[in-house]
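Participant: Here you go, one structure.
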Amino acid sequence: MIARTIFSADHEIFRGTVRRFIAEHVTPFHADWEKAGQVPRDLWQKAGEIGLLCCNIPEIYGGMGGDFLHTAVLIEEFAAAGATGPTFYLHSDIVAPYLLEFGSETQKQHWLPRMARGEVIGALGMSEPAGGSDVQAMRTQAIRDADEYVINGQKVFITNGHTADLLVLACKTDPKARGKGVSLVLVETNRPGFTRGRKLEKIGCKAQDTAELFFSDLRVPVGNLLGAEEGSGFAQLMTQLAQERLIQAIRGVSSAEAALRWTLDYVAQREMFGKTLADFQNTRFQLAELHAEILTQRVFVDHCIALHARRDLDATDAAAAKLVTTELQGKVMDRCLQFFGGWGYMWEYPIARAFVDARMCRIGGGTAEVMKQIIGNALLPKRSKVGVTRT
């Protein structure tokens, strides 16, 4: 087997802490959270107490001052455990970076320490009923009125939507413009004019809190704008999408590895026709194929993690990582479930839950089709009618 070399001894110590946390505070209760449709708030506080939130945020802002490799460890271990409910990665590694990169010093000092402690839960408000991938076409508006923004609109498929205390909201400060009209605004969810809609019932990731959000003449101070100028939101979103897509790739390959382990254990014990399933050539060939494909993508993803830790991973390569790992994740879950036979169709078995949970990964963070478009545009830049590459 190819040894992994990107993690230090410190990262492996951290991995042990994460595994103990999952074994004690997550795995025994996850089935109950799936029925409830969300995880309890005190889990976030327990995670904050031992440094599992915002671990990639500097200590001056309440984080543990780690690096992206600590983030990768956390994502891997939760994916390997099939623990899709606690969306710490969204809070810590998608929402918090917007504050760290684009927030004012006042905004960072006010929000990041509270997020690191689990006192404030963050969410990202991007997708809307009329579209998710076309960010420039969003309809939610934040119109300036003196020293306030008045926000009206609707968001959907918002993870952490029912528990979030703070939204990084993508909205139009100039409704007539496309990308140049988009801004990111911090919205506290206790403000008048904010309403949470129903908890959306999904086919998988059932313990994740996913909601519709509504804004009706909600007012926030203009100081809640992220960045120095209106209209910077689209560019801000683009700078963080590589990390969001790499996170999905890490989850994809880690959950595929876990599914293969579960299946290897099962076929070694399951008896059929006087043999174990592992004794049949078909079993060995199929699992060997899956192992080879997962190993190949593990090496690729590890290289992407190392590049991203140095801030050298570009958006096209991140899109490629998300595309191939989530496609393979779906294939692995389908093939592995088949080995479990009827038991694989039972919700009590981890492979059944992993099968439906995996389907979201080809949609969230940008669909597989959007990833192909990004990669295709990089390979084949669009040309004008006279054959000159557009700039």
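So you can find residues: chains in the structure tokens are A, B, ... in the order shown, residues in each start at 1, and ligands are numbered from 1 in order.
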If you count only C-alpha atoms, which residues fall within 10 Å of range 159-168 of chain A, apart from same-chain ones fewer than 6 positions away, as a PyMOL selection string?

Facilitator: chain A and resi 37-41+85-88+90-91+94-96+98-99+111+115+119-126+183-190+195-200+208-213+224-226

Participant: Atoms to include: C-alpha atoms. Write the selected residues as a PDB file, in the first residue's frame.

Facilitator:
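Resulting contents of selection13.pdb:
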ATOM      1  CA  GLY A  37     -33.369  16.308  11.197  1.00  0.00           C
ATOM      2  CA  GLN A  38     -30.545  18.148  12.979  1.00  0.00           C
ATOM      3  CA  VAL A  39     -27.843  17.800  15.583  1.00  0.00           C
ATOM      4  CA  PRO A  40     -28.166  19.455  19.020  1.00  0.00           C
ATOM      5  CA  ARG A  41     -26.517  22.803  19.649  1.00  0.00           C
ATOM      6  CA  GLY A  85     -24.971  15.369  10.492  1.00  0.00           C
ATOM      7  CA  PRO A  86     -22.356  17.606  12.143  1.00  0.00           C
ATOM      8  CA  THR A  87     -21.485  20.070   9.382  1.00  0.00           C
ATOM      9  CA  PHE A  88     -18.452  21.505  11.145  1.00  0.00           C
ATOM     10  CA  LEU A  90     -19.252  24.207   6.452  1.00  0.00           C
ATOM     11  CA  HIS A  91     -19.137  26.397   9.549  1.00  0.00           C
ATOM     12  CA  ILE A  94     -16.512  27.586   4.193  1.00  0.00           C
ATOM     13  CA  VAL A  95     -18.256  30.302   6.266  1.00  0.00           C
ATOM     14  CA  ALA A  96     -15.432  31.369   8.609  1.00  0.00           C
ATOM     15  CA  TYR A  98     -15.122  34.595   4.254  1.00  0.00           C
ATOM     16  CA  LEU A  99     -14.911  36.498   7.523  1.00  0.00           C
ATOM     17  CA  TRP A 111     -17.653  36.762  15.244  1.00  0.00           C
ATOM     18  CA  MET A 115     -17.740  30.631  16.077  1.00  0.00           C
ATOM     19  CA  GLU A 119     -21.538  29.741  20.564  1.00  0.00           C
ATOM     20  CA  VAL A 120     -22.458  31.026  17.102  1.00  0.00           C
ATOM     21  CA  ILE A 121     -23.285  28.681  14.211  1.00  0.00           C
ATOM     22  CA  GLY A 122     -22.659  29.934  10.699  1.00  0.00           C
ATOM     23  CA  ALA A 123     -24.313  29.236   7.351  1.00  0.00           C
ATOM     24  CA  LEU A 124     -23.818  30.369   3.763  1.00  0.00           C
ATOM     25  CA  GLY A 125     -26.853  31.733   1.917  1.00  0.00           C
ATOM     26  CA  MET A 126     -26.319  31.199  -1.808  1.00  0.00           C
ATOM     27  CA  SER A 183     -22.336  41.460  -2.472  1.00  0.00           C
ATOM     28  CA  LEU A 184     -21.834  39.407   0.671  1.00  0.00           C
ATOM     29  CA  VAL A 185     -23.628  40.724   3.742  1.00  0.00           C
ATOM     30  CA  LEU A 186     -23.553  39.392   7.303  1.00  0.00           C
ATOM     31  CA  VAL A 187     -27.073  38.738   8.575  1.00  0.00           C
ATOM     32  CA  GLU A 188     -27.842  37.926  12.209  1.00  0.00           C
ATOM     33  CA  THR A 189     -30.809  35.562  12.257  1.00  0.00           C
ATOM     34  CA  ASN A 190     -32.427  37.198  15.295  1.00  0.00           C
ATOM     35  CA  THR A 195     -38.056  33.707   8.865  1.00  0.00           C
ATOM     36  CA  ARG A 196     -36.967  30.104   8.718  1.00  0.00           C
ATOM     37  CA  GLY A 197     -39.096  27.929   6.502  1.00  0.00           C
ATOM     38  CA  ARG A 198     -39.677  24.217   6.766  1.00  0.00           C
ATOM     39  CA  LYS A 199     -36.931  21.710   7.370  1.00  0.00           C
ATOM     40  CA  LEU A 200     -36.395  20.133   3.993  1.00  0.00           C
ATOM     41  CA  GLN A 208     -28.113  17.693   8.368  1.00  0.00           C
ATOM     42  CA  ASP A 209     -30.223  20.742   9.088  1.00  0.00           C
ATOM     43  CA  THR A 210     -31.311  21.989   5.646  1.00  0.00           C
ATOM     44  CA  ALA A 211     -33.850  24.793   5.339  1.00  0.00           C
ATOM     45  CA  GLU A 212     -35.598  27.459   3.330  1.00  0.00           C
ATOM     46  CA  LEU A 213     -34.911  31.021   4.493  1.00  0.00           C
ATOM     47  CA  ASN A 224     -22.356  44.269   7.837  1.00  0.00           C
ATOM     48  CA  LEU A 225     -21.035  44.332   4.280  1.00  0.00           C
ATOM     49  CA  LEU A 226     -18.096  41.980   3.776  1.00  0.00           C
TER      50      LEU A 226
END

Participant: Pick out the residues sitting within 6 Å of Val156 in chain A, and hand them over as a PyMOL selection string; count only C-alpha atoms, and ignore anything fewer than 3 positions along from it in its own chain.

Facilitator: chain A and resi 127-129+212

Participant: I need the chosen residues saved as a PDB file, in the first residue's frame, with N, CA and C atoms.

Facilitator:
ATOM      1  N   SER A 127     -27.854  29.460  -2.576  1.00  0.00           N
ATOM      2  CA  SER A 127     -28.832  28.871  -3.501  1.00  0.00           C
ATOM      3  C   SER A 127     -30.225  29.481  -3.327  1.00  0.00           C
ATOM      4  N   GLU A 128     -30.916  29.625  -4.449  1.00  0.00           N
ATOM      5  CA  GLU A 128     -32.265  30.158  -4.451  1.00  0.00           C
ATOM      6  C   GLU A 128     -33.192  29.214  -5.205  1.00  0.00           C
ATOM      7  N   PRO A 129     -34.503  29.343  -5.025  1.00  0.00           N
ATOM      8  CA  PRO A 129     -35.429  28.421  -5.689  1.00  0.00           C
ATOM      9  C   PRO A 129     -35.294  28.387  -7.203  1.00  0.00           C
ATOM     10  N   GLU A 212     -35.269  26.274   4.114  1.00  0.00           N
ATOM     11  CA  GLU A 212     -35.598  27.459   3.330  1.00  0.00           C
ATOM     12  C   GLU A 212     -35.487  28.671   4.254  1.00  0.00           C
TER      13      GLU A 212
END

Participant: Tell me which protein, DNA and RNA residues are within 8 Å of Leu287 in chain A, counting only C-alpha atoms, leaving out same-chain ones fewer than 3 positions away, and put them as a PyMOL selection string.

Facilitator: chain A and resi 260+264+283-284+290-291

Participant: Which residues come within 8 Å of range 334-338 of chain A, counting only C-alpha atoms, excluding same-chain residues fewer than 4 positions away, as number ranges by chain?

Facilitator: A: 259-260, 263, 330, 344-345, 351-352, 355

Participant: Please list as a ChimeraX atom specification every residue within 8 Å of Gln248 in chain A, counting only C-alpha atoms and excluding residues in the same chain fewer than 6 positions away.

Facilitator: /A:322,326,361,365

Participant: Could the residues in this selection be saved with C-alpha atoms as a compact mmCIF listing (two decimals), in the first residue's frame?

Facilitator:
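Once everything was written out, this is result_5.txt:
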# COMPACT_ATOMS: atom_id res chain seq x y z
CA LYS A 322 -14.53 17.05 -6.91
CA THR A 326 -17.76 12.13 -6.12
CA CYS A 361 -22.01 15.05 -3.25
CA GLY A 365 -20.72 22.69 -3.92

Participant: Using only C-alpha atoms, which residue out of A:Thr71, A:Thr173, A:Thr296, A:Ser216 lies closest to Gln136 in chain A?

Facilitator: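 Nearest candidate to Gln136 in chain A out of A:Thr71, A:Thr173, A:Thr296, A:Ser216: A:Thr173.
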